file work_29.cif (mmCIF, C-alpha atoms and all ligand atoms)
data_target
loop_
_atom_site.label_atom_id
_atom_site.label_comp_id
_atom_site.auth_asym_id
_atom_site.auth_seq_id
_atom_site.Cartn_x
_atom_site.Cartn_y
_atom_site.Cartn_z
CA MET A 205 94.95 91.12 91.76
CA LYS A 206 92.22 88.49 91.71
CA VAL A 207 89.96 88.73 94.74
CA PRO A 208 87.22 86.16 95.31
CA ASP A 209 83.63 87.44 95.21
CA THR A 210 83.12 86.36 98.82
CA LEU A 211 85.70 88.92 99.87
CA ALA A 212 84.84 91.66 97.34
CA THR A 213 81.18 91.60 98.47
CA ALA A 214 81.83 91.27 102.22
CA PHE A 215 81.34 94.98 102.96
CA GLY A 216 77.63 95.41 102.27
CA ALA A 217 74.78 96.04 104.69
CA PRO A 218 75.94 93.75 107.56
CA PHE A 219 79.36 95.43 107.59
CA GLU A 220 77.73 98.86 107.45
CA GLN A 221 75.49 97.92 110.36
CA CYS A 222 78.51 96.71 112.36
CA ILE A 223 80.73 99.75 111.75
CA THR A 224 78.01 102.38 112.20
CA GLN A 225 76.66 100.76 115.39
CA PHE A 226 80.25 100.72 116.66
CA ALA A 227 80.64 104.41 115.75
CA VAL A 228 77.48 105.21 117.72
CA ASP A 229 78.61 103.12 120.73
CA GLN A 230 81.94 104.95 120.74
CA GLY A 231 80.23 108.34 120.55
CA LEU A 232 81.82 109.04 117.15
CA ILE A 233 78.44 109.76 115.56
CA PRO A 234 75.27 110.80 117.42
CA ASP A 235 73.02 107.97 116.18
CA LEU A 236 72.51 105.46 113.36
CA ALA A 237 70.40 107.95 111.40
CA SER A 238 73.29 110.45 111.09
CA ILE A 239 75.24 108.32 108.63
CA GLN A 240 72.14 108.40 106.38
CA SER A 241 71.83 112.19 106.73
CA PRO A 242 73.38 114.04 103.74
CA ARG A 243 73.72 117.13 105.93
CA PHE A 244 75.67 115.30 108.66
CA VAL A 245 77.89 113.46 106.17
CA ALA A 246 78.53 116.65 104.18
CA ARG A 247 79.47 118.67 107.26
CA SER A 248 81.11 116.22 109.63
CA ILE A 249 82.77 113.63 107.40
CA VAL A 250 83.34 114.73 103.80
CA PRO A 251 85.58 117.81 104.45
CA HIS A 252 87.86 115.69 106.66
CA VAL A 253 88.00 112.87 104.12
CA ILE A 254 89.06 115.43 101.51
CA LYS A 255 91.63 116.93 103.88
CA LEU A 256 93.15 113.53 104.73
CA SER A 257 93.03 112.42 101.12
CA SER A 258 95.03 115.42 100.03
CA LEU A 259 97.48 114.92 102.90
CA PHE A 260 98.02 111.25 102.02
CA ASN A 261 98.43 112.14 98.37
CA ARG A 262 101.00 114.72 99.47
CA ASP A 263 99.12 117.47 97.64
CA GLU A 264 99.83 120.04 100.28
CA LYS A 265 103.30 119.14 101.47
CA ASP A 266 106.57 118.45 99.81
CA GLN A 267 107.09 114.72 99.60
CA ALA A 268 109.97 114.52 102.03
CA SER A 269 108.32 116.33 104.90
CA GLY A 270 106.19 113.35 105.88
CA LEU A 271 102.78 113.41 107.47
CA ASN A 272 103.32 113.39 111.20
CA PRO A 273 101.55 114.09 113.39
CA TYR A 274 98.39 114.64 111.38
CA TRP A 275 96.12 113.33 114.15
CA LYS A 276 96.97 116.44 116.13
CA GLN A 277 97.28 118.89 113.25
CA SER A 278 93.62 119.64 113.01
CA ALA A 279 91.50 121.87 115.19
CA HIS A 280 89.07 118.95 115.22
CA PRO A 281 91.11 115.76 115.71
CA ALA A 282 87.93 113.80 116.54
CA HIS A 283 86.55 114.62 113.08
CA LEU A 284 89.77 113.49 111.44
CA ARG A 285 89.65 110.23 113.39
CA LEU A 286 86.04 109.68 112.35
CA ALA A 287 86.86 110.38 108.69
CA TYR A 288 89.86 108.04 108.80
CA PHE A 289 87.89 105.36 110.57
CA LEU A 290 84.89 105.36 108.22
CA TYR A 291 86.80 105.84 104.98
CA PHE A 292 90.52 105.01 105.05
CA MET A 293 90.31 102.18 107.58
CA PRO A 294 87.91 100.04 105.47
CA SER A 295 89.98 100.71 102.33
CA ASN A 296 93.21 99.57 103.98
CA LEU A 297 91.38 96.67 105.61
CA PHE A 298 90.31 95.51 102.15
CA ARG A 299 93.79 95.96 100.68
CA VAL A 300 95.36 93.81 103.41
CA ALA A 301 92.60 91.18 103.09
CA SER A 302 93.29 91.03 99.34
CA ILE A 303 96.98 90.31 99.94
CA TRP A 304 95.99 87.51 102.32
CA SER A 305 93.68 86.20 99.63
CA GLU A 306 96.54 86.24 97.08
CA LEU A 307 98.53 84.01 99.45
CA ALA A 308 95.50 81.69 99.71
CA ARG A 309 95.05 81.70 95.93
CA LEU A 310 98.63 80.47 95.50
CA GLY A 311 98.03 77.67 98.00
CA PHE A 312 99.86 79.12 101.01
CA GLN A 313 99.07 77.26 104.24
CA TRP A 314 99.86 78.48 107.75
CA GLN A 315 102.62 76.27 109.24
CA ASN A 316 102.82 77.47 112.85
CA LYS A 317 100.67 76.01 115.61
CA THR A 318 100.20 79.49 117.07
CA PHE A 319 99.15 82.81 115.61
CA GLN A 320 100.88 85.79 117.24
CA ALA A 321 100.75 88.93 115.19
CA VAL A 322 101.96 92.50 115.47
CA GLU A 323 100.82 95.58 113.56
CA PHE A 324 103.11 98.63 113.61
CA GLY A 325 101.62 102.11 113.16
CA ALA A 326 98.30 100.32 113.62
CA GLY A 327 96.05 103.39 113.65
CA PRO A 328 92.50 102.00 113.95
CA ALA A 329 93.75 98.39 113.47
CA SER A 330 92.95 98.39 109.74
CA GLY A 331 95.66 95.83 109.00
CA ALA A 332 94.72 93.44 111.81
CA CYS A 333 91.08 93.61 110.71
CA GLY A 334 92.18 93.03 107.09
CA ILE A 335 93.94 89.81 108.10
CA ALA A 336 90.77 88.72 109.93
CA ALA A 337 88.62 89.40 106.83
CA GLY A 338 91.16 87.70 104.57
CA GLU A 339 91.19 84.64 106.79
CA ILE A 340 87.38 84.39 106.95
CA TYR A 341 86.76 84.93 103.24
CA HIS A 342 89.84 83.14 101.80
CA SER A 343 91.46 81.13 104.53
CA ILE A 344 95.06 79.96 104.84
CA GLN A 345 94.07 77.86 107.86
CA LEU A 346 95.10 80.04 110.79
CA PRO A 347 94.52 78.48 114.21
CA LYS A 348 91.26 79.48 115.93
CA GLN A 349 93.13 81.26 118.70
CA GLY A 350 95.25 84.26 117.97
CA SER A 351 96.73 87.34 119.55
CA TRP A 352 97.52 90.78 118.21
CA ALA A 353 99.88 93.44 119.49
CA LEU A 354 98.93 96.85 118.11
CA ILE A 355 101.70 99.47 118.26
CA GLU A 356 100.78 103.11 117.68
CA GLN A 357 102.01 106.56 118.72
CA ASP A 358 98.59 108.19 119.04
CA GLN A 359 96.64 107.13 122.11
CA SER A 360 93.17 108.06 120.84
CA ILE A 361 93.38 106.22 117.53
CA LEU A 362 94.99 103.26 119.32
CA ASN A 363 92.08 103.07 121.78
CA LEU A 364 89.66 103.23 118.90
CA GLY A 365 91.56 100.51 117.01
CA THR A 366 91.64 98.21 120.02
CA GLN A 367 87.86 98.48 120.52
CA TRP A 368 87.15 98.19 116.82
CA ALA A 369 89.32 95.09 116.34
CA GLN A 370 87.48 93.38 119.20
CA THR A 371 84.12 94.27 117.66
CA TYR A 372 85.07 93.28 114.12
CA PHE A 373 86.76 90.01 115.14
CA SER A 374 83.53 89.02 116.94
CA HIS A 375 81.43 90.15 113.97
CA LEU A 376 83.48 87.77 111.78
CA GLY A 377 83.24 84.89 114.26
CA LEU A 378 86.79 85.17 115.62
CA PRO A 379 86.08 85.75 119.32
CA GLU A 380 89.26 83.95 120.36
CA TRP A 381 91.55 86.53 118.80
CA SER A 382 92.84 88.81 121.55
CA ILE A 383 94.35 92.29 121.27
CA ARG A 384 96.98 94.15 123.30
CA PRO A 385 97.57 97.83 122.60
CA PHE A 386 101.03 99.41 123.00
CA HIS A 387 101.18 103.19 123.01
CA ARG A 388 104.66 103.85 121.63
CA LYS A 389 106.53 106.14 119.31
CA LEU A 390 108.59 103.85 117.11
CA ASP A 391 112.13 104.77 116.14
CA PRO A 392 113.27 102.54 113.29
CA LEU A 393 116.92 103.29 114.01
CA GLN A 394 116.55 101.82 117.48
CA GLY A 395 114.71 98.73 116.24
CA PHE A 396 110.96 98.26 116.11
CA LEU A 397 110.76 96.08 119.20
CA PRO A 398 112.61 96.16 122.53
CA PRO A 399 115.04 93.26 123.11
CA ARG A 400 112.71 91.64 125.65
CA ALA A 401 109.73 91.60 123.28
CA PRO A 402 108.47 88.13 122.31
CA LYS A 403 108.59 86.44 118.91
CA PHE A 404 105.73 86.85 116.46
CA ASN A 405 104.70 84.86 113.43
CA LEU A 406 103.03 87.69 111.54
CA TRP A 407 104.65 91.11 111.14
CA LEU A 408 102.39 93.71 109.54
CA MET A 409 103.00 97.30 108.48
CA SER A 410 100.14 98.87 106.55
CA TYR A 411 100.63 102.42 105.31
CA TYR A 412 103.14 103.03 108.07
CA LEU A 413 106.64 102.87 106.52
CA ASN A 414 106.05 105.90 104.29
CA GLU A 415 105.70 107.95 107.47
CA THR A 416 109.28 107.13 108.49
CA GLN A 417 112.18 109.08 107.06
CA ASN A 418 114.95 106.53 107.15
CA ASP A 419 117.11 105.47 104.28
CA PRO A 420 116.47 102.01 102.83
CA GLN A 421 119.90 100.66 103.80
CA LYS A 422 119.43 101.44 107.50
CA LEU A 423 115.79 100.40 107.46
CA ALA A 424 116.66 97.04 105.86
CA ALA A 425 119.37 96.44 108.48
CA THR A 426 116.98 97.23 111.35
CA LEU A 427 114.21 95.08 109.93
CA LEU A 428 116.50 92.10 109.31
CA GLN A 429 117.87 92.38 112.83
CA ASP A 430 114.33 92.52 114.26
CA TRP A 431 113.16 89.60 112.13
CA SER A 432 116.14 87.62 113.29
CA ASN A 433 115.23 88.28 116.95
CA HIS A 434 111.44 88.55 116.90
CA LEU A 435 110.09 86.51 114.00
CA GLU A 436 109.36 82.79 114.32
CA GLU A 437 110.43 80.29 111.65
CA GLU A 438 107.74 80.23 108.94
CA GLY A 439 106.65 83.69 110.10
CA LEU A 440 105.19 86.05 107.49
CA ILE A 441 105.97 89.71 106.88
CA ILE A 442 103.45 91.91 105.06
CA LEU A 443 104.34 95.48 104.08
CA VAL A 444 101.69 97.61 102.35
CA GLU A 445 102.38 101.10 101.06
CA PRO A 446 100.71 103.73 98.88
CA ALA A 447 100.73 103.28 95.12
CA LEU A 448 102.21 106.78 94.68
CA LYS A 449 105.42 106.81 92.68
CA LEU A 450 107.73 108.05 95.43
CA GLN A 451 106.37 105.84 98.21
CA SER A 452 106.19 102.81 95.94
CA ARG A 453 109.79 103.30 94.81
CA ARG A 454 110.86 103.59 98.44
CA LEU A 455 109.38 100.14 99.02
CA LEU A 456 111.20 98.83 95.95
CA GLU A 457 114.45 100.38 97.23
CA LEU A 458 113.83 98.67 100.56
CA ARG A 459 113.30 95.33 98.78
CA LYS A 460 116.58 95.86 96.91
CA GLU A 461 118.46 96.61 100.14
CA LEU A 462 116.88 93.65 101.91
CA LEU A 463 118.02 91.35 99.10
CA ILE A 464 121.58 92.75 99.20
CA GLN A 465 121.81 92.21 102.95
CA ILE A 466 120.09 88.79 102.83
CA GLU A 467 122.58 87.70 100.18
CA LYS A 468 125.54 88.88 102.31
CA LYS A 469 124.34 87.05 105.40
CA LYS A 470 122.61 83.88 104.31
CA THR A 471 121.67 83.06 107.91
CA HIS A 472 118.65 85.38 107.76
CA GLY A 473 116.52 82.78 105.96
CA ILE A 474 114.23 85.55 104.70
CA GLN A 475 112.65 85.13 101.26
CA VAL A 476 110.56 87.46 99.12
CA LEU A 477 107.29 85.80 98.12
CA LEU A 478 104.96 88.43 96.64
CA PRO A 479 104.40 90.10 94.32
CA CYS A 480 107.71 89.15 92.70
CA LEU A 481 107.79 85.33 93.26
CA GLY A 482 111.58 85.50 93.51
CA HIS A 483 114.74 87.45 94.31
CA GLN A 484 115.34 88.91 90.86
CA ALA A 485 116.38 92.55 90.45
CA CYS A 486 113.28 94.73 90.45
CA GLY A 487 112.06 95.33 86.90
CA ALA A 488 110.41 98.65 87.80
CA LEU A 489 113.28 100.13 89.80
CA SER A 490 115.68 99.93 86.86
CA ALA A 491 113.76 102.73 85.07
CA PRO A 492 113.90 106.05 87.00
CA GLU A 493 110.29 107.00 86.24
CA ASP A 494 108.74 103.62 86.94
CA TRP A 495 107.14 102.02 90.00
CA CYS A 496 105.08 98.96 90.88
CA HIS A 497 101.55 98.72 92.20
CA GLU A 498 98.54 96.43 92.41
CA GLU A 499 94.83 97.20 92.26
CA VAL A 500 91.80 95.56 93.79
CA THR A 501 88.12 96.24 93.21
CA TRP A 502 85.44 95.88 95.86
CA TRP A 503 81.77 96.53 96.50
CA ARG A 504 82.04 99.53 98.77
CA PRO A 505 79.80 99.81 101.84
CA PRO A 506 76.70 101.85 100.91
CA TYR A 507 77.66 104.79 103.19
CA PHE A 508 81.16 104.76 101.67
CA ARG A 509 79.73 105.15 98.14
CA LYS A 510 77.83 108.24 99.36
CA ILE A 511 81.00 109.77 100.84
CA ASP A 512 82.84 109.06 97.58
CA LYS A 513 80.13 110.81 95.61
CA MET A 514 79.99 113.85 97.87
CA ALA A 515 83.76 114.14 98.09
CA GLY A 516 84.27 113.71 94.34
CA LEU A 517 86.38 110.63 94.96
CA ASP A 518 86.06 107.13 93.55
CA ARG A 519 87.60 104.40 95.66
CA LYS A 520 85.90 101.51 93.90
CA THR A 521 89.32 100.42 92.78
CA LEU A 522 92.02 100.57 95.41
CA PRO A 523 95.66 100.80 94.31
CA PHE A 524 98.58 99.93 96.60
CA SER A 525 102.17 98.69 96.61
CA TYR A 526 103.10 95.67 98.69
CA LEU A 527 105.72 93.14 99.62
CA VAL A 528 105.28 89.79 101.34
CA LEU A 529 108.29 87.98 102.80
CA ILE A 530 108.68 84.83 104.86
CA LYS A 531 111.27 83.44 107.22
CA SER A 532 111.53 79.95 105.83
CA ARG A 533 114.08 77.59 104.35
CA ARG A 534 111.47 75.75 102.30
CA PRO A 535 111.62 76.24 98.55
CA ARG A 536 109.23 78.90 97.25
CA GLU A 537 107.40 76.29 95.14
CA GLU A 538 106.59 74.38 98.32
CA ILE A 539 105.50 77.53 100.19
CA LEU A 540 103.26 78.57 97.27
CA PRO A 541 102.14 75.21 95.82
CA ALA A 542 100.42 76.85 92.85
CA LEU A 543 103.95 77.52 91.54
CA ALA A 544 104.92 73.83 91.70
CA GLY A 545 106.73 72.65 88.60
CA SER A 546 107.92 76.16 87.70
CA THR A 547 111.32 77.81 88.09
CA PRO A 548 112.12 81.50 88.75
CA THR A 549 112.99 81.92 85.06
CA SER A 550 109.73 80.39 83.88
CA ARG A 551 107.45 82.77 85.86
CA HIS A 552 106.16 86.16 84.75
CA ARG A 553 103.58 88.35 86.39
CA LEU A 554 101.37 90.88 84.62
CA VAL A 555 102.15 94.21 86.27
CA SER A 556 99.78 96.39 84.24
CA PRO A 557 96.26 96.12 82.92
CA ALA A 558 95.89 94.37 79.57
CA HIS A 559 94.40 96.26 76.66
CA SER A 560 93.29 95.06 73.27
CA GLU A 561 95.41 95.70 70.22
CA GLY A 562 93.36 94.25 67.42
CA ARG A 563 93.00 90.55 68.12
CA GLU A 564 95.83 90.64 70.64
CA SER A 565 96.30 91.80 74.21
CA GLU A 566 99.15 94.07 75.26
CA PHE A 567 100.51 94.38 78.77
CA TYR A 568 103.67 94.62 80.85
CA ILE A 569 105.12 91.52 82.46
CA CYS A 570 107.86 91.24 85.08
CA GLY A 571 110.09 88.28 85.78
CA ASN A 572 113.68 87.17 86.21
CA ASP A 573 114.66 88.99 83.04
CA GLY A 574 113.14 92.32 84.15
CA LYS A 575 110.04 94.17 83.02
CA ARG A 576 108.92 94.25 79.42
CA LYS A 577 106.02 95.02 77.17
CA ALA A 578 104.48 91.97 75.54
CA ARG A 579 101.59 90.95 73.36
CA ALA A 580 99.73 87.69 73.27
CA ARG A 581 96.64 86.33 71.64
CA PRO A 582 94.18 85.61 74.40
CA LYS A 583 92.35 82.36 74.73
CA LYS A 584 88.68 83.20 75.25
CA THR A 585 87.82 82.77 78.90
CA LEU A 586 84.96 83.90 81.06
CA GLU A 587 87.42 85.41 83.55
CA SER A 588 87.92 88.64 81.70
CA GLU A 589 87.23 90.24 78.38
CA ASN A 590 90.67 89.76 76.98
CA GLY A 591 91.78 86.76 79.01
CA PHE A 592 94.61 88.60 80.79
CA ASP A 593 94.48 90.68 83.96
CA ARG A 594 96.88 92.63 86.15
CA GLY A 595 98.33 90.20 88.69
CA ASP A 596 98.06 87.09 86.47
CA ILE A 597 101.06 84.78 86.65
CA LEU A 598 102.15 83.14 83.41
CA ILE A 599 104.14 79.95 83.74
CA GLY A 600 106.40 78.77 80.93
CA ALA A 601 105.74 81.68 78.60
CA ASP A 602 107.43 81.27 75.24
CA LEU A 603 108.75 84.81 74.86
CA ARG A 604 110.47 86.40 71.91
CA GLY A 605 111.23 89.93 70.75
CA ASP A 606 112.76 92.74 72.76
CA ARG A 607 111.79 94.65 75.91
CA ASN A 608 109.55 97.08 74.09
CA SER A 609 107.80 94.69 71.78
CA GLY A 610 107.88 91.20 73.20
CA ARG A 611 105.60 88.44 72.00
CA ILE A 612 104.27 85.45 73.86
CA ASP A 613 103.48 82.68 71.40
CA SER A 614 102.32 80.24 74.06
CA PHE A 615 102.49 79.54 77.76
CA GLN A 616 102.00 76.42 79.84
CA ARG A 617 99.50 77.81 82.31
CA LYS A 618 98.08 80.98 83.79
CA ILE A 619 97.46 81.35 87.53
C1 LIG B 1 98.34 106.11 107.60
S1 LIG B 1 98.17 105.50 109.22
C2 LIG B 1 97.96 103.77 108.91
C3 LIG B 1 97.14 103.12 109.94
C4 LIG B 1 96.78 101.67 109.65
N1 LIG B 1 97.95 100.83 109.74
C5 LIG B 1 96.12 101.55 108.30
O1 LIG B 1 96.60 100.80 107.46
O2 LIG B 1 95.09 102.20 108.10
C6 LIG B 1 99.81 105.51 109.88
C7 LIG B 1 99.81 105.34 111.38
O3 LIG B 1 101.15 105.19 111.80
C8 LIG B 1 101.30 105.91 113.01
N2 LIG B 1 102.72 106.26 113.17
C9 LIG B 1 103.46 107.06 112.37
N3 LIG B 1 104.71 107.17 112.87
C10 LIG B 1 104.75 106.43 114.00
C11 LIG B 1 105.76 106.15 114.95
N4 LIG B 1 106.98 106.67 114.82
N5 LIG B 1 105.46 105.35 116.00
C12 LIG B 1 104.22 104.82 116.12
N6 LIG B 1 103.23 105.05 115.24
C13 LIG B 1 103.47 105.84 114.19
C14 LIG B 1 100.43 107.13 112.82
O4 LIG B 1 100.10 107.74 114.06
C15 LIG B 1 99.24 106.53 112.11
O5 LIG B 1 98.25 106.13 113.00
#
call {"tool": "encode", "arguments": {"input": "work_29.cif", "output": "structure tokens", "more": "lines below"}}
Ligand SMILES: C[S@@+](CC[C@H](N)C(=O)[O-])C[C@H]1O[C@@H](n2cnc3c(N)ncnc32)[C@H](O)[C@@H]1O
result
Amino acid sequence: MKVPDTLATAFGAPFEQCITQFAVDQGLIPDLASIQSPRFVARSIVPHVIKLSSLFNRDEKDQASGLNPYWKQSAHPAHLRLAYFLYFMPSNLFRVASIWSELARLGFQWQNKTFQAVEFGAGPASGACGIAAGEIYHSIQLPKQGSWALIEQDQSILNLGTQWAQTYFSHLGLPEWSIRPFHRKLDPLQGFLPPRAPKFNLWLMSYYLNETQNDPQKLAATLLQDWSNHLEEEGLIILVEPALKLQSRRLLELRKELLIQIEKKKTHGIQVLLPCLGHQACGALSAPEDWCHEEVTWWRPPYFRKIDKMAGLDRKTLPFSYLVLIKSRRPREEILPALAGSTPTSRHRLVSPAHSEGRESEFYICGNDGKRKARARPKKTLESENGFDRGDILIGADLRGDRNSGRIDSFQRKI
């Protein structure tokens, strides 16, 4: 995914100053010097980052058993919270901001006069803060005023998230964004919001759905019912999930179920926007061993690089799976003006990195006709070594050959 430099470099010293000062003010770390102390980081942060990392990668548990309630599983929940806050929160923040930036890159403009957003399974408000960063560094013209509802089952992480969102919104120059915390255990089978809840125009779930155990058919039905009752016209839905095969495929299964149910009941007015740019059958899901993910690269905060080094991790590149939908009756080419002049059959997205094969580039593309391997001769550009990158959209590609050895002789444009 292409991320502008303004966003990729937005987590340097000023961000570090903001997050570490906040951690001191909240009593999470003793003082500003501790984050610079190898001894403190090695003892109080790194082991918990490693523990959480292995939990999230499902190294220790069988995949189906889920993660809950990891905040209380440890003898030192405060250490786990600190590790999550300093390490996983900024990573998810950046992932969500990158998705916002992809909307901006394709020309998406906010249509509503208001901005009322909800994050489910908010943890430390990573997603809400990601939208704020996305809006500041690659705007889609949100109104100045906004409100967030944060819904979370764990009181301590919710309190932390509420305080942090306030601090970070101000840091970014968004003091008119307000936050309301809701301490709740969500039950997807009962619906995500009570009937009396208001309508929102942004619905965000970042790394939350994989912690629910419900089958895609039921989940799709609940979500569509909730979006029908609690999402404004032109409201956006952003779902972000791990790039792991099982969790990613669960998101693809959910997309499939949503499309089946949307098709049955056309009144929903819900459309898939990203990453697929259409309602075609998922190209990855058709192969049992395949899945779909994106990657973004950022300049990590300096303290984060030290944690990575000590923990033997490398989160310079952040993978994730995602889905963006909208409740709108406008054609997709009007919602994403960069697609103007194209049709669903004329659009293909690169869903893998491109590597050189002699004078050609080879990669996987996905479009209306499914996923396939293809080669093309790159035009020399400054954008990347071989002219093609994961996430690129090719319009009007002249494709021949079969699924395993396709060839693109020419294309009208690359976005
Ligand atoms: C991996 S964290 C993600 C937090 C944040 N959204 C992010 O992107 O970093 C998942 C969060 O969902 C919360 N959660 C899981 N199941 C929940 C439920 N049934 N009701 C409310 N919150 C839940 C967990 O407590 C946890 O804070």
call {"tool": "closest_residue", "arguments": {"input": "work_29.cif", "among": "A:Pro420, A:Gly571, A:Gly311, A:Pro385", "to": "Ser550 of chain A", "atoms": "all atoms listed in the file"}}
result
A:Gly571
call {"tool": "residues_near_ligand", "arguments": {"input": "work_29.cif", "ligand": "ligand LIG 1 (chain B)", "cutoff": "9 Å", "atoms": "only C-alpha atoms and all ligand atoms", "output": "ChimeraX atom specification"}}
result
/A:260,271-275,288-289,292-297,299-300,323-332,334,355-359,361-362,387-392,396,408-416,444-445
call {"tool": "residues_around", "arguments": {"input": "work_29.cif", "residues": "Arg454 of chain A", "least_positions_apart": "6", "cutoff": "12 Å", "atoms": "all atoms listed in the file", "output": "number ranges by chain"}}
result
A: 267-268, 413-421, 423-424, 443-448, 460-461, 488-489, 494-496, 525-527
call {"tool": "closest_residue", "arguments": {"input": "work_29.cif", "among": "A:Lys206, A:Ser302, A:Ala425, A:Gly487", "to": "Arg594 of chain A", "atoms": "all atoms listed in the file"}}
result
A:Lys206
call {"tool": "residues_around", "arguments": {"input": "work_29.cif", "residues": "segment 339-346 of chain A", "least_positions_apart": "6", "cutoff": "6 Å", "atoms": "all atoms listed in the file", "output": "list in words"}}
result
Thr210, Leu211, Ser305, Ala308, Gln313 and Trp314 of chain A
call {"tool": "atom_distance", "arguments": {"input": "work_29.cif", "atom1": "atom CA of Gln315 of chain A", "atom2": "atom CA of Glu438 of chain A"}}
result
6.5 Å
call {"tool": "atom_distance", "arguments": {"input": "work_29.cif", "atom1": "atom CA of Arg504 of chain A", "atom2": "atom CA of Pro218 of chain A"}}
result
12.2 Å
call {"tool": "residues_near_point", "arguments": {"input": "work_29.cif", "point": "(88.4, 78.9, 118.5)", "cutoff": "12 Å", "atoms": "all atoms listed in the file", "output": "PyMOL selection string"}}
result
chain A and resi 318-319+346-351+373-374+377-382
call {"tool": "atom_distance", "arguments": {"input": "work_29.cif", "atom1": "atom CA of Asn405 of chain A", "atom2": "atom CA of Ile442 of chain A"}}
result
11.0 Å
call {"tool": "residues_around", "arguments": {"input": "work_29.cif", "residues": "segment 243-255 of chain A", "least_positions_apart": "6", "cutoff": "7 Å", "atoms": "all atoms listed in the file", "output": "ChimeraX atom specification"}}
result
/A:283-284,287-288,511,514-515
